[in-house]
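Read the structure below first, then the notes.
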Amino acid sequence: MFAERPLTGASACSLHQTRGGDPDAGRASGESTGAGHTWRVTTISDGVITLRPPREDDIDAIHAACQDPEIQRWTALPSPYHRDDAVSYAERVATERESGRTASFVCVDDKGRMLGSFAVMEMDKAPRYGEIGYWVAAEARRRGVASRAVALLRDWAAAELGLQLIELIIHPDNAPSRRVAERTGFRETSELRPAPRREDPGPPNHAVYAWRAA
Ligand SMILES: CC(C)(COP(=O)(O)OP(=O)(O)OC[C@H]1O[C@@H](n2cnc3c(N)ncnc32)[C@H](O)[C@@H]1OP(=O)(O)O)[C@@H](O)C(=O)NCCC(=O)NCCS
């Protein structure tokens with residue numbers, strides 16, 4: 001879920017962060033401060049997939065991927081999803097990074113093709129707290145992309161942002177997303193919440209999966 005209006009790995013994946021010196025490391029915007037954390041905008045890779053900051057030239061690929069009904073069904077993205085929504089998303093990424101609220105990434109393969117979108121959100125809600133949201137482009141699904149990316153982002157957020165509690169908020173009928181949560185070490189809690197970041201959040205029927213730093 002690029003989860004905003006908002007637009008907003010498997011444990012076996014090793015965390016490799018590209019920092020310093022690498023021109024693709026996405027550090028142009030420098031450091032971001034928020035929720036008590038300071039971090040460098042960075043690129044994260046496990047050697048198979050790469051998470052990097054969204055760029056203006058991603059807009060068409062994001063717009064195309066977000067036409068998928070499953071993405072519109074399970075995330076807080078606008079529906080219908082227009083090109084302007086992708087443009088607003090790209091603009092909002094920088095603002096929310098500066099405020100420390102959200103760390104947003106696109107996920108690409110070794111040829112730079114767009115696979116999906118992953119973000120740590122809601123970091124202004126509580127100290128050392130974040131919620132991960134995601135979508136994977138329809139043609140890239142069932143290859144372990146979401147599992148790899150969630151594990152990478154989880155470990156990065158704990159190591160670099162100091163997050164201690166990370167949640168995934170998932171509709172009970174979203175079996176693939178629940179499976180991603182289970183594969184990446186998130187435990188289902190007994191809590192149910194309304195759909196996050198929606199104009200009409202509906203009843204509290206979304207499962208809350210939690211992961212805590214050791
Ligand atoms: C949920 C989503 C991100 C999963 O992405 P993905 O890259 O296909 O996930 P993975 O390949 O890592 O698969 C994770 C697990 O889900 C299972 N899975 C994936 N798609 C599935 C499907 N359609 N039906 C049943 N199981 C499915 C996989 O088999 C795997 O389980 P396994 O380890 O038992 O084999 C993707 O389906 C998606 O973008 N859906 C629309 C947006 C969305 O739901 N976002 C999350 C909102 S909370």
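In the structure tokens, chains take letters A, B, ... by order of appearance, with residues numbered from 1 within each chain and ligands from 1 in the order shown.
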
- Message: Applying 10 Å and only C-alpha atoms, which residues near Asp60 (chain A) remain after dropping the ones on its own chain fewer than 5 positions away? List them as a list in words.
- Response: Ala65, Cys66, Arg83, Ala86 and Val87 of chain A

- Message: Could you list the protein, DNA and RNA residues that have any atom within 8 Å of ligand 1, counting only C-alpha atoms and all ligand atoms, and write them as a ChimeraX atom specification?
- Response: /A:1,9,70-75,116,133-138,140-148,168-171,174-180,183

- Query: What is the CA of Glu167 (chain A)-CA of Asp85 (chain A) distance in Å, reported with one decimal?
  - Reply: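 The value is 25.4 Å.
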
- Query: Which is closer to Ala149 (chain A) than all the others in A:Glu56, A:Glu96, A:Asp109, A:Asp173, using only C-alpha atoms?
  - Reply: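 Closest residue, counting only C-alpha atoms: A:Asp109.
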
- Item | Close residues, Arg52 (chain A) itself excluded, 10 Å, only C-alpha atoms, min 2 positions apart in chain, as a list in words |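 Non-adjacent residues within range: Thr18, Asp24, Ala25, Gly26, Val41, Thr42, Thr43, Ile44, Ser45, Ile49, Thr50, Pro54, Arg55, Ser104, Phe105, Val106, Cys107, Val108, Ser117 and Phe118 of chain A.
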
- Query: Quick one: residues within 7 Å of Phe186 (chain A), only C-alpha atoms counted, chain neighbours fewer than 2 positions away excluded, as an NGL selection string?
  - Reply: :A and (181-182 or 184 or 188 or 209-211)

- Message: Give me, as an MDAnalysis selection string, all polymer residues having an atom no more than 7 Å from region 191-198 of chain A, counting only C-alpha atoms and skipping those fewer than 3 positions away in the same chain.
- Response: chainID A and resid 4:5 76 201:208

- Message: as a count of residues only, please: every residue in region 4-196 of chain A that DSSP puts in alpha helix (DSSP H).
- Response: 55
